[in-house]
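A short worksheet on the structure shown next.
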Amino acid sequence: NAVLASAGIAPAWRAVVRRERRRLRVELISDEPIDADLCARSAVRAEGAIREIDGVTPTIDVEIAAPHQ
């Protein structure tokens with residue numbers, strides 16, 4: 001993710017993806033601490049990247065789970 005890379009953070013991600021009706025839920029999990037603001041900005045960027053690939057799902061929710069700094 002460019003937002004995290006610009007902050008010098010390159011976590012190894014685990015992803016949990018669930019499709020619920022007309023919604024895609026993506027949880028990106030990192031064991032590395034990430035600032036809450038960076039998590040929020042990265043989630044928005046990730047949602048946009050997923051939207052480029054999946055333009056038909058009405059709702060895409062991205063959550064980043066990481067220990068906060």
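Order determines the names: the first chain of the structure tokens is A, the second B, and so forth; residues in each chain are numbered 1 upward, and ligands are numbered 1 upward as they are shown.
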
* Asked: Do you know which residues are at most 10 Å from Arg23 (chain A) counting only C-alpha atoms, after dropping those on the same chain fewer than 2 positions away, and could you put them as number ranges by chain?
  -> A: 18-21, 25-26, 57-61

Write out the residues from the selection above, keeping all heavy atoms, as a tab-separated table (two decimals), in the first residue's frame.
```tsv
chain	number	residue	atom	x	y	z
A	18	ARG	N	-15.00	-11.96	2.86
A	18	ARG	CA	-16.31	-12.59	2.95
A	18	ARG	C	-17.28	-11.87	2.02
A	18	ARG	O	-17.28	-10.64	1.95
A	18	ARG	CB	-16.85	-12.53	4.38
A	18	ARG	CG	-16.04	-13.31	5.37
A	18	ARG	CD	-16.61	-13.24	6.77
A	18	ARG	NE	-16.85	-11.90	7.27
A	18	ARG	CZ	-15.96	-11.12	7.86
A	18	ARG	NH1	-14.73	-11.52	7.99
A	18	ARG	NH2	-16.28	-9.92	8.31
A	19	ARG	N	-18.07	-12.62	1.33
A	19	ARG	CA	-19.13	-12.06	0.51
A	19	ARG	C	-20.44	-12.33	1.21
A	19	ARG	O	-20.76	-13.46	1.56
A	19	ARG	CB	-19.12	-12.71	-0.88
A	19	ARG	CG	-19.66	-11.81	-1.94
A	19	ARG	CD	-19.45	-12.40	-3.32
A	19	ARG	NE	-18.27	-11.97	-4.00
A	19	ARG	CZ	-18.06	-10.76	-4.51
A	19	ARG	NH1	-18.96	-9.83	-4.36
A	19	ARG	NH2	-16.96	-10.47	-5.15
A	20	GLU	N	-21.18	-11.27	1.50
A	20	GLU	CA	-22.47	-11.38	2.18
A	20	GLU	C	-23.50	-10.67	1.33
A	20	GLU	O	-23.49	-9.44	1.25
A	20	GLU	CB	-22.38	-10.73	3.56
A	20	GLU	CG	-21.35	-11.36	4.47
A	20	GLU	CD	-21.12	-10.58	5.75
A	20	GLU	OE1	-21.68	-9.47	5.89
A	20	GLU	OE2	-20.37	-11.07	6.59
A	21	ARG	N	-24.34	-11.45	0.70
A	21	ARG	CA	-25.35	-10.92	-0.22
A	21	ARG	C	-24.68	-10.04	-1.26
A	21	ARG	O	-23.89	-10.48	-2.05
A	21	ARG	CB	-26.44	-10.17	0.52
A	21	ARG	CG	-27.31	-11.06	1.35
A	21	ARG	CD	-28.44	-10.27	1.90
A	21	ARG	NE	-29.46	-11.15	2.42
A	21	ARG	CZ	-30.40	-10.74	3.19
A	21	ARG	NH1	-30.48	-9.48	3.53
A	21	ARG	NH2	-31.31	-11.58	3.61
A	25	ARG	N	-16.80	-7.92	2.19
A	25	ARG	CA	-16.12	-7.47	3.40
A	25	ARG	C	-14.68	-7.99	3.37
A	25	ARG	O	-14.45	-9.19	3.25
A	25	ARG	CB	-16.80	-7.97	4.66
A	25	ARG	CG	-18.18	-7.39	4.84
A	25	ARG	CD	-18.78	-7.87	6.16
A	25	ARG	NE	-20.10	-7.36	6.33
A	25	ARG	CZ	-20.40	-6.24	6.95
A	25	ARG	NH1	-19.44	-5.50	7.45
A	25	ARG	NH2	-21.66	-5.84	7.07
A	26	VAL	N	-13.73	-7.07	3.47
A	26	VAL	CA	-12.31	-7.42	3.43
A	26	VAL	C	-11.67	-6.94	4.72
A	26	VAL	O	-11.77	-5.76	5.07
A	26	VAL	CB	-11.61	-6.76	2.22
A	26	VAL	CG1	-10.14	-7.10	2.21
A	26	VAL	CG2	-12.29	-7.18	0.92
A	57	THR	N	-19.92	-5.16	-7.41
A	57	THR	CA	-20.43	-5.33	-6.05
A	57	THR	C	-20.83	-3.97	-5.50
A	57	THR	O	-20.02	-3.04	-5.47
A	57	THR	CB	-19.36	-5.97	-5.14
A	57	THR	OG1	-19.01	-7.25	-5.68
A	57	THR	CG2	-19.87	-6.15	-3.72
A	58	PRO	N	-22.09	-3.82	-5.06
A	58	PRO	CA	-22.57	-2.51	-4.61
A	58	PRO	C	-21.80	-1.93	-3.41
A	58	PRO	O	-21.55	-0.74	-3.35
A	58	PRO	CB	-24.03	-2.76	-4.23
A	58	PRO	CG	-24.42	-4.00	-4.94
A	58	PRO	CD	-23.17	-4.82	-5.08
A	59	THR	N	-21.46	-2.80	-2.45
A	59	THR	CA	-20.81	-2.30	-1.24
A	59	THR	C	-19.54	-3.09	-0.97
A	59	THR	O	-19.56	-4.32	-0.93
A	59	THR	CB	-21.74	-2.43	-0.02
A	59	THR	OG1	-22.96	-1.74	-0.30
A	59	THR	CG2	-21.11	-1.85	1.23
A	60	ILE	N	-18.44	-2.37	-0.80
A	60	ILE	CA	-17.16	-2.97	-0.44
A	60	ILE	C	-16.71	-2.30	0.86
A	60	ILE	O	-16.54	-1.10	0.92
A	60	ILE	CB	-16.11	-2.78	-1.54
A	60	ILE	CG1	-16.56	-3.47	-2.83
A	60	ILE	CG2	-14.74	-3.31	-1.07
A	60	ILE	CD1	-15.66	-3.23	-4.02
A	61	ASP	N	-16.53	-3.11	1.89
A	61	ASP	CA	-16.06	-2.63	3.19
A	61	ASP	C	-14.66	-3.18	3.43
A	61	ASP	O	-14.44	-4.39	3.33
A	61	ASP	CB	-16.97	-3.10	4.33
A	61	ASP	CG	-18.37	-2.56	4.24
A	61	ASP	OD1	-18.51	-1.36	3.90
A	61	ASP	OD2	-19.32	-3.30	4.48
```

* Apply DSSP to the structure's backbone, then extract all residues of chain A labelled helix (DSSP H, G or I) and return them as a ChimeraX atom specification. => /A:2-6,36-53

* DSSP says strand (DSSP E or B) for which residues of chain A? Put them as a count of residues only? -> 21

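Using only C-alpha atoms, the shortest contact distance between Ile50 (chain A) and any of A:Ala36, A:Val16, A:Ile9, A:Leu24 is found at A:Leu24.
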
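Of the residues under consideration (A:Gly55, A:Val62, A:Ala15, A:Pro67), A:Pro67 shows the shortest atom-to-atom contact distance to Glu32 (chain A) when counting only C-alpha atoms.
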
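Closest to Asp31 (chain A) among A:Asp54, A:Ala12, A:Ala43, A:Ala49 is A:Ala12, based on only C-alpha atoms.
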
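Using only C-alpha atoms, the smallest distance between any of A:Ile29, A:Ile34, A:Ile64, A:Val17 and Ala46 (chain A) comes from A:Ile64.
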
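The neighbours of Ser30 (chain A) here are the residues that come within 7 Å of it, using only C-alpha atoms and leaving out any residue fewer than 5 positions away in the same chain; they are Pro11, Ala12, Trp13, Arg14, Ala65 and Ala66 of chain A.
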